[in-house]
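Structure file coords13.pdb; described as PDB, C-alpha atoms and all ligand atoms.
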```
ATOM      1  CA  MET A 890     143.692 156.270 109.623
ATOM      2  CA  ALA A 891     142.126 153.232 111.366
ATOM      3  CA  PRO A 892     139.019 151.944 109.524
ATOM      4  CA  THR A 893     135.667 152.860 111.075
ATOM      5  CA  ARG A 894     133.397 149.931 112.063
ATOM      6  CA  ARG A 895     131.293 150.563 108.934
ATOM      7  CA  ASP A 896     134.419 150.417 106.711
ATOM      8  CA  ALA A 897     135.484 147.142 108.305
ATOM      9  CA  VAL A 898     132.076 145.532 107.595
ATOM     10  CA  SER A 899     131.748 146.806 104.049
ATOM     11  CA  SER A 900     135.269 145.663 103.124
ATOM     12  CA  ARG A 901     134.383 142.061 104.170
ATOM     13  CA  TRP A 902     130.793 141.954 102.722
ATOM     14  CA  SER A 903     130.612 143.748  99.411
ATOM     15  CA  PRO A 904     127.169 143.689  97.717
ATOM     16  CA  LEU A 905     128.515 141.082  95.268
ATOM     17  CA  SER A 906     129.769 138.752  97.998
ATOM     18  CA  LEU A 907     126.445 139.101  99.827
ATOM     19  CA  ILE A 908     124.571 138.039  96.680
ATOM     20  CA  VAL A 909     126.941 135.098  96.152
ATOM     21  CA  ALA A 910     126.539 134.007  99.795
ATOM     22  CA  LEU A 911     122.747 134.215  99.431
ATOM     23  CA  LEU A 912     122.780 132.141  96.232
ATOM     24  CA  VAL A 913     125.049 129.539  97.856
ATOM     25  CA  ALA A 914     122.677 129.321 100.848
ATOM     26  CA  ILE A 915     119.641 128.860  98.555
ATOM     27  CA  ALA A 916     121.446 126.192  96.485
ATOM     28  CA  ALA A 917     122.575 124.368  99.653
ATOM     29  CA  GLN A 918     118.991 124.322 100.939
ATOM     30  CA  ALA A 919     117.701 122.939  97.622
ATOM     31  CA  LEU A 920     120.387 120.232  97.637
ATOM     32  CA  ALA A 921     119.626 119.353 101.261
ATOM     33  CA  ALA A 922     115.937 118.642 100.429
ATOM     34  CA  ASP A 923     115.541 114.957  99.627
ATOM     35  CA  PRO A 924     114.362 114.066  96.105
ATOM     36  CA  GLU A 925     110.972 112.853  97.378
ATOM     37  CA  THR A 926     110.308 116.217  99.026
ATOM     38  CA  VAL A 927     111.191 118.033  95.816
ATOM     39  CA  ALA A 928     108.977 115.651  93.784
ATOM     40  CA  ARG A 929     106.112 116.099  96.259
ATOM     41  CA  LEU A 930     106.254 119.892  95.928
ATOM     42  CA  ASP A 931     106.164 119.449  92.136
ATOM     43  CA  MET A 932     103.183 117.104  92.476
ATOM     44  CA  VAL A 933     101.238 119.735  94.410
ATOM     45  CA  ARG A 934     102.099 122.399  91.804
ATOM     46  CA  THR A 935     100.679 120.018  89.158
ATOM     47  CA  ILE A 936      97.534 119.501  91.257
ATOM     48  CA  GLU A 937      97.062 123.277  91.408
ATOM     49  CA  VAL A 938      97.348 123.542  87.611
ATOM     50  CA  ILE A 939      94.902 120.655  87.039
ATOM     51  CA  ALA A 940      92.458 122.161  89.539
ATOM     52  CA  ARG A 941      92.440 125.436  87.599
ATOM     53  CA  GLU A 942      91.739 123.580  84.338
ATOM     54  CA  ALA A 943      89.209 121.071  85.734
ATOM     55  CA  GLY A 944      87.418 123.804  87.677
ATOM     56  CA  SER A 945      86.992 126.090  84.696
ATOM     57  CA  GLY A 946      83.706 124.273  83.879
ATOM     58  CA  GLY A 947      82.298 125.531  87.191
ATOM     59  CA  THR A 948      81.277 122.261  88.910
ATOM     60  CA  VAL A 949      84.471 121.739  90.937
ATOM     61  CA  PRO A 950      86.668 124.362  92.621
ATOM     62  CA  THR A 951      89.502 125.961  90.654
ATOM     63  CA  THR A 952      91.445 126.517  93.882
ATOM     64  CA  LEU A 953      91.685 123.753  96.443
ATOM     65  CA  ASP A 954      91.791 124.363 100.183
ATOM     66  CA  ALA A 955      95.279 125.528 101.204
ATOM     67  CA  THR A 956      95.400 123.204 104.230
ATOM     68  CA  VAL A 957      94.624 120.188 102.017
ATOM     69  CA  LEU A 958      97.474 121.159  99.672
ATOM     70  CA  GLU A 959      99.789 121.780 102.619
ATOM     71  CA  VAL A 960      99.126 118.263 103.925
ATOM     72  CA  MET A 961      99.692 116.786 100.453
ATOM     73  CA  ARG A 962     103.112 118.457 100.488
ATOM     74  CA  ARG A 963     103.911 116.516 103.677
ATOM     75  CA  VAL A 964     102.383 113.013 103.439
ATOM     76  CA  PRO A 965     104.954 110.661 101.823
ATOM     77  CA  ARG A 966     102.975 109.071  98.937
ATOM     78  CA  HIS A 967     106.059 107.020  98.076
ATOM     79  CA  ALA A 968     105.536 105.084 101.329
ATOM     80  CA  PHE A 969     102.085 103.977 100.107
ATOM     81  CA  VAL A 970     103.074 102.471  96.745
ATOM     82  CA  PRO A 971     104.845  99.164  96.017
ATOM     83  CA  ALA A 972     108.665  99.393  96.028
ATOM     84  CA  ASP A 973     108.909  99.041  92.227
ATOM     85  CA  MET A 974     106.520 102.003  91.769
ATOM     86  CA  ARG A 975     108.369 104.466  94.017
ATOM     87  CA  GLY A 976     109.927 106.302  91.120
ATOM     88  CA  LEU A 977     106.406 107.142  89.891
ATOM     89  CA  ALA A 978     104.924 107.953  93.310
ATOM     90  CA  TYR A 979     104.713 111.711  92.654
ATOM     91  CA  ASP A 980     103.319 111.535  89.127
ATOM     92  CA  ASP A 981      99.733 112.744  89.090
ATOM     93  CA  ARG A 982      98.249 109.379  88.245
ATOM     94  CA  PRO A 983      96.808 106.273  89.876
ATOM     95  CA  LEU A 984      99.229 103.385  90.415
ATOM     96  CA  PRO A 985      98.672  99.650  90.909
ATOM     97  CA  ILE A 986      98.892  98.424  94.515
ATOM     98  CA  GLY A 987      98.200  94.718  93.847
ATOM     99  CA  TYR A 988      95.010  92.635  93.953
ATOM    100  CA  GLY A 989      93.749  94.489  90.861
ATOM    101  CA  GLN A 990      93.431  97.729  92.910
ATOM    102  CA  THR A 991      94.993 101.174  92.703
ATOM    103  CA  ILE A 992      96.076 104.159  94.775
ATOM    104  CA  SER A 993      94.050 107.070  93.376
ATOM    105  CA  GLN A 994      95.383 109.984  91.318
ATOM    106  CA  PRO A 995      96.712 112.705  93.674
ATOM    107  CA  TYR A 996      94.507 115.440  92.129
ATOM    108  CA  ILE A 997      91.414 113.299  92.776
ATOM    109  CA  VAL A 998      92.521 112.664  96.387
ATOM    110  CA  ALA A 999      92.989 116.423  96.902
ATOM    111  CA  LEU A1000      89.656 117.230  95.236
ATOM    112  CA  MET A1001      87.637 114.641  97.191
ATOM    113  CA  THR A1002      89.239 115.779 100.451
ATOM    114  CA  ASP A1003      88.486 119.418  99.617
ATOM    115  CA  LEU A1004      84.859 118.619  98.716
ATOM    116  CA  LEU A1005      84.217 116.935 102.078
ATOM    117  CA  ARG A1006      84.703 120.289 103.872
ATOM    118  CA  LEU A1007      85.130 118.489 107.174
ATOM    119  CA  PRO A1008      84.879 120.579 110.349
ATOM    120  CA  PRO A1009      87.999 120.769 112.563
ATOM    121  CA  HIS A1010      88.594 117.397 114.254
ATOM    122  CA  GLY A1011      85.825 115.897 112.121
ATOM    123  CA  ARG A1012      84.756 112.287 111.992
ATOM    124  CA  ALA A1013      85.320 110.746 108.575
ATOM    125  CA  LEU A1014      84.491 107.415 106.990
ATOM    126  CA  GLU A1015      86.405 106.154 103.987
ATOM    127  CA  VAL A1016      85.162 103.183 101.967
ATOM    128  CA  GLY A1017      88.091 101.642 100.063
ATOM    129  CA  THR A1018      91.250 101.913 102.190
ATOM    130  CA  GLY A1019      93.506 100.538  99.439
ATOM    131  CA  SER A1020      97.026 101.701 100.292
ATOM    132  CA  GLY A1021      95.869 103.919 103.180
ATOM    133  CA  TYR A1022      97.019 107.156 101.486
ATOM    134  CA  GLN A1023      93.625 108.922 101.431
ATOM    135  CA  ALA A1024      93.111 107.957 105.089
ATOM    136  CA  ALA A1025      96.556 109.389 105.934
ATOM    137  CA  ILE A1026      95.683 112.695 104.236
ATOM    138  CA  LEU A1027      92.466 112.970 106.275
ATOM    139  CA  ALA A1028      94.285 112.075 109.500
ATOM    140  CA  ALA A1029      97.072 114.572 108.775
ATOM    141  CA  LEU A1030      94.346 117.229 108.557
ATOM    142  CA  GLY A1031      93.466 116.378 112.145
ATOM    143  CA  HIS A1032      90.374 114.233 111.562
ATOM    144  CA  GLN A1033      89.407 110.935 113.134
ATOM    145  CA  VAL A1034      89.287 108.415 110.315
ATOM    146  CA  TYR A1035      87.383 105.141 110.015
ATOM    147  CA  THR A1036      88.381 103.289 106.867
ATOM    148  CA  ILE A1037      87.029 100.029 105.447
ATOM    149  CA  GLU A1038      88.716  97.706 102.964
ATOM    150  CA  ILE A1039      87.142  94.576 101.484
ATOM    151  CA  VAL A1040      90.389  92.850 100.363
ATOM    152  CA  PRO A1041      91.847  91.261 103.529
ATOM    153  CA  ALA A1042      95.517  91.545 102.487
ATOM    154  CA  LEU A1043      95.143  95.242 101.574
ATOM    155  CA  ALA A1044      93.371  95.981 104.867
ATOM    156  CA  GLU A1045      96.152  94.256 106.795
ATOM    157  CA  GLN A1046      98.973  95.950 104.866
ATOM    158  CA  ALA A1047      97.380  99.402 105.141
ATOM    159  CA  ALA A1048      96.791  99.025 108.890
ATOM    160  CA  LYS A1049     100.451  98.076 109.425
ATOM    161  CA  ARG A1050     101.749 100.842 107.133
ATOM    162  CA  LEU A1051      99.645 103.512 108.835
ATOM    163  CA  SER A1052     100.710 102.332 112.272
ATOM    164  CA  ASP A1053     104.410 102.204 111.251
ATOM    165  CA  LEU A1054     104.098 105.769 109.919
ATOM    166  CA  GLY A1055     102.657 106.904 113.242
ATOM    167  CA  TYR A1056      99.044 107.624 112.240
ATOM    168  CA  ASN A1057      97.156 106.840 115.421
ATOM    169  CA  SER A1058      93.794 108.448 114.637
ATOM    170  CA  ILE A1059      92.916 105.954 111.876
ATOM    171  CA  TYR A1060      90.858 102.823 112.464
ATOM    172  CA  VAL A1061      91.056 100.193 109.696
ATOM    173  CA  ARG A1062      88.402  97.485 109.311
ATOM    174  CA  ARG A1063      88.299  94.584 106.889
ATOM    175  CA  ALA A1064      84.663  94.474 105.774
ATOM    176  CA  ASP A1065      82.203  95.361 103.030
ATOM    177  CA  GLY A1066      82.062  99.151 103.124
ATOM    178  CA  TYR A1067      78.697  99.202 101.342
ATOM    179  CA  TYR A1068      77.209  98.818 104.825
ATOM    180  CA  GLY A1069      79.378 101.525 106.394
ATOM    181  CA  TRP A1070      80.497 101.431 110.026
ATOM    182  CA  PRO A1071      77.262 101.809 112.032
ATOM    183  CA  GLU A1072      78.901 101.695 115.488
ATOM    184  CA  ALA A1073      81.132 104.666 114.617
ATOM    185  CA  ALA A1074      78.368 106.670 112.870
ATOM    186  CA  PRO A1075      77.230 109.377 112.342
ATOM    187  CA  PHE A1076      80.016 110.897 110.223
ATOM    188  CA  ASP A1077      80.713 114.492 109.226
ATOM    189  CA  GLY A1078      81.987 113.216 105.907
ATOM    190  CA  ILE A1079      82.121 110.003 103.892
ATOM    191  CA  VAL A1080      84.494 109.420 100.996
ATOM    192  CA  VAL A1081      83.981 106.387  98.784
ATOM    193  CA  THR A1082      87.014 105.585  96.650
ATOM    194  CA  ALA A1083      85.491 102.844  94.470
ATOM    195  CA  ALA A1084      82.665 103.256  91.947
ATOM    196  CA  ALA A1085      79.179 102.290  93.115
ATOM    197  CA  THR A1086      76.320 101.551  90.683
ATOM    198  CA  GLN A1087      74.025 103.375  93.118
ATOM    199  CA  ILE A1088      74.556 105.424  96.275
ATOM    200  CA  PRO A1089      74.515 102.892  99.144
ATOM    201  CA  PRO A1090      71.532 103.774 101.407
ATOM    202  CA  PRO A1091      73.387 102.695 104.601
ATOM    203  CA  LEU A1092      76.016 105.370 103.900
ATOM    204  CA  ILE A1093      73.368 108.088 103.561
ATOM    205  CA  ASP A1094      71.874 106.912 106.870
ATOM    206  CA  GLN A1095      75.313 107.199 108.537
ATOM    207  CA  LEU A1096      75.872 110.793 107.435
ATOM    208  CA  LYS A1097      75.232 113.554 110.015
ATOM    209  CA  PRO A1098      72.740 116.288 109.103
ATOM    210  CA  GLY A1099      74.997 118.896 107.487
ATOM    211  CA  GLY A1100      77.423 116.143 106.439
ATOM    212  CA  ARG A1101      78.790 115.525 102.954
ATOM    213  CA  MET A1102      79.621 112.413 100.979
ATOM    214  CA  VAL A1103      81.775 112.238  97.860
ATOM    215  CA  ILE A1104      81.338 109.109  95.765
ATOM    216  CA  PRO A1105      81.915 107.992  92.175
ATOM    217  CA  VAL A1106      78.700 106.560  90.740
ATOM    218  CA  GLY A1107      78.321 104.631  87.492
ATOM    219  CA  ASP A1108      79.001 101.380  85.745
ATOM    220  CA  ALA A1109      82.122  99.396  86.508
ATOM    221  CA  PHE A1110      84.968  99.841  84.027
ATOM    222  CA  LEU A1111      83.241 102.814  82.338
ATOM    223  CA  VAL A1112      83.532 106.516  83.034
ATOM    224  CA  GLN A1113      81.545 107.382  86.160
ATOM    225  CA  GLU A1114      80.322 110.647  87.710
ATOM    226  CA  LEU A1115      81.892 111.991  90.873
ATOM    227  CA  MET A1116      78.840 112.868  92.988
ATOM    228  CA  LEU A1117      78.510 115.179  95.978
ATOM    229  CA  ILE A1118      75.761 114.167  98.415
ATOM    230  CA  GLU A1119      74.762 116.671 101.082
ATOM    231  CA  LYS A1120      72.492 115.745 103.953
ATOM    232  CA  LEU A1121      70.644 118.903 104.911
ATOM    233  CA  ALA A1122      69.677 119.900 108.457
ATOM    234  CA  ASP A1123      66.121 118.560 107.940
ATOM    235  CA  GLY A1124      67.512 115.160 106.863
ATOM    236  CA  SER A1125      66.722 115.633 103.166
ATOM    237  CA  VAL A1126      69.423 114.855 100.633
ATOM    238  CA  ARG A1127      70.818 117.014  97.832
ATOM    239  CA  THR A1128      72.793 115.323  95.053
ATOM    240  CA  GLU A1129      75.076 116.953  92.507
ATOM    241  CA  ALA A1130      77.085 115.403  89.648
ATOM    242  CA  LEU A1131      80.501 117.078  89.520
ATOM    243  CA  LEU A1132      83.027 115.493  87.223
ATOM    244  CA  PRO A1133      83.586 112.419  85.026
ATOM    245  CA  VAL A1134      86.010 110.044  86.766
ATOM    246  CA  TYR A1135      87.314 106.501  86.429
ATOM    247  CA  PHE A1136      87.468 104.316  89.556
ATOM    248  CA  VAL A1137      87.751 100.604  90.237
ATOM    249  CA  PRO A1138      84.324  99.098  91.059
ATOM    250  CA  LEU A1139      82.821  98.918  94.535
ATOM    251  CA  ALA A1140      82.520  95.215  95.331
ATOM    252  CA  GLY A1141      80.100  93.673  97.821
ATOM    253  CA  GLY A1142      76.707  95.100  98.621
ATOM    254  CA  PRO A1143      73.381  93.253  98.566
TER     255      PRO A1143
HETATM  256  C1  LIG B1201      90.880 103.126  94.136
HETATM  257  S1  LIG B1201      91.192 101.988  95.410
HETATM  258  C2  LIG B1201      91.311 103.018  96.819
HETATM  259  C3  LIG B1201      92.491 103.851  96.935
HETATM  260  C4  LIG B1201      92.694 104.280  98.362
HETATM  261  N1  LIG B1201      91.703 105.195  98.831
HETATM  262  C5  LIG B1201      94.092 104.791  98.576
HETATM  263  O1  LIG B1201      94.256 105.907  99.094
HETATM  264  O2  LIG B1201      95.021 104.048  98.258
HETATM  265  C6  LIG B1201      89.599 101.293  95.808
HETATM  266  C7  LIG B1201      89.636 100.344  96.977
HETATM  267  O3  LIG B1201      88.290 100.033  97.326
HETATM  268  C8  LIG B1201      88.276  98.697  97.773
HETATM  269  N2  LIG B1201      86.883  98.236  97.759
HETATM  270  C9  LIG B1201      86.117  97.878  96.697
HETATM  271  N3  LIG B1201      84.888  97.545  97.107
HETATM  272  C10 LIG B1201      84.862  97.724  98.461
HETATM  273  C11 LIG B1201      83.864  97.539  99.454
HETATM  274  N4  LIG B1201      82.634  97.132  99.173
HETATM  275  N5  LIG B1201      84.189  97.822 100.725
HETATM  276  C12 LIG B1201      85.449  98.256 101.058
HETATM  277  N6  LIG B1201      86.426  98.403 100.159
HETATM  278  C13 LIG B1201      86.138  98.167  98.868
HETATM  279  C14 LIG B1201      89.190  98.006  96.799
HETATM  280  O4  LIG B1201      89.612  96.750  97.258
HETATM  281  C15 LIG B1201      90.321  99.026  96.665
HETATM  282  O5  LIG B1201      91.328  98.776  97.588
END
```
Mind turning the file's structure into structure tokens?
Ligand SMILES: C[S@@+](CC[C@H](N)C(=O)[O-])C[C@H]1O[C@@H](n2cnc3c(N)ncnc32)[C@H](O)[C@@H]1O
Amino acid sequence: MAPTRRDAVSSRWSPLSLIVALLVAIAAQALAADPETVARLDMVRTIEVIAREAGSGGTVPTTLDATVLEVMRRVPRHAFVPADMRGLAYDDRPLPIGYGQTISQPYIVALMTDLLRLPPHGRALEVGTGSGYQAAILAALGHQVYTIEIVPALAEQAAKRLSDLGYNSIYVRRADGYYGWPEAAPFDGIVVTAAATQIPPPLIDQLKPGGRMVIPVGDAFLVQELMLIEKLADGSVRTEALLPVYFVPLAGGP
């Protein structure tokens, strides 16, 4: 008797061969992903674990915004570190970028970005461009980013890197970020990625009512406090100490 159509299919694709084909497809997909992509996914899993631990004290969130994590899975941190550091690019730690400066720890980048709670297509100011990575994360979230770097060579390198990578909603300025960027103000959010001994008043002035600033405050080369500054609708300011952190010092100022 000629096989029915169902017989013909089942003789070619037994349950076992279907499982094998599925496993081969999954393995092929894993092999096709480049090592940096795999490392980046691991990095974000580590960030999620650290967030749960760090947030258990109640001052910072235990779960970070899913869109922030999604962007951190995409932005190539290895393109923001010196060539001899690429193998460490997806470790959850700061790395040297020259001139005595660092690219911040990925968890801290994710946390500070999350804490800003920028509105869609928000206007953000970053003080301390460094490698440009934090600026790239904010831009990848769809925000317009103004970023200031005091070290001329870092400002120049970051501007070129960001342009080469196709980020066209980031403006880089070489200047003292203590004074902010008055012509581009007011901002929905301000992120300061170097430790200030006090909250710079010009930055508070440049925050929109309803805006938020995240800034490490404390003595240079000691543990500082990550602070959240909220400017309320009536212009008053609410300040909250969130987490001990360790940042390079904010230079410049009066
Ligand atoms: C921890 S690094 C920033 C990391 C950076 N956000 C990144 O994603 O790579 C701090 C940066 O702040 C810069 N900086 C320090 N004082 C500054 C100031 N007054 N104005 C602007 N940048 C400053 C340093 O030169 C350094 O590049």
Residue neighbourhood range 979-990 of chain A, 7 Å, all atoms listed in the file, exclusion window fewer than 6 positions, as a PyMOL selection string: chain A and resi 928-929+932+970-971+996+1020+1137
Of the listed residues A:Ala1042, A:Leu1007, A:Ala1047, A:Ile908, that which approaches Ala1024 in chain A most closely, counting all atoms listed in the file: A:Ala1047
Ligand LIG 1201 (chain B) neighbours within 7 Å using only C-alpha atoms and all ligand atoms, as number ranges by chain: A: 990-993, 1016-1024, 1037-1040, 1043, 1064-1067, 1082-1083, 1136-1142
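CA of Val1103 in chain A lies 13.9 Å from CA of Gly1069 in chain A.
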Given the point (95.6, 116.2, 92.7) in the coordinates of this file, which residues lie within 9 Å, counting only C-alpha atoms, and how would they look as an NGL selection string? :A and (932-933 or 935-937 or 939-940 or 958 or 961 or 981-982 or 994-1000)
Given the PyMOL selection byres (((chain A and resi 1122-1133) around 8) and not hetatm) and the file above, list the residues it selects as a ChimeraX atom specification. /A:948-949,1098-1099,1112-1121,1134-1135
Could you tell me, as an MDAnalysis selection string, which residues have any atom at most 10 Å from (89.3, 94.6, 112.1), counting all atoms listed in the file? chainID A and resid 1037:1038 1041 1044:1045 1048 1060:1064
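For the residues A:Leu905, A:Leu1027, A:Leu1054, A:Met1001, ranking by smallest atom-to-atom distance to Met1102 in chain A using all atoms listed in the file places A:Met1001 first.
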Could you work out how far CA of Gly976 in chain A lies from CA of Ile1104 in chain A, giving the answer in Å with one decimal? 29.1 Å
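When CA of Val1080 in chain A is paired with CA of Lys1097 in chain A, their separation reads 13.6 Å.
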Skipping near chain neighbours, those fewer than 6 positions away, what residues fall within 10 Å of Ala1028 in chain A using all atoms listed in the file, listed as a list in words? Val960, His1010, Gly1011, Arg1012, Ala1013, Tyr1022, Val1034, Tyr1035, Tyr1056, Asn1057, Ser1058 and Ile1059 of chain A
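Proximity to Arg1050 in chain A was assessed for A:Leu912, A:Ala1025, A:Ala943, A:Leu1005 counting all atoms listed in the file; the smallest distance is recorded for A:Ala1025.
Each of A:Gly947, A:Glu1015, A:Arg941, A:His967 was compared to Pro924 in chain A using all atoms listed in the file, and A:His967 turns out to be the nearest.
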Counting all atoms listed in the file, figure out which residue out of A:Glu925, A:Pro904, A:Phe1076, A:Ala1084 gets nearest to Ala968 in chain A. A:Glu925
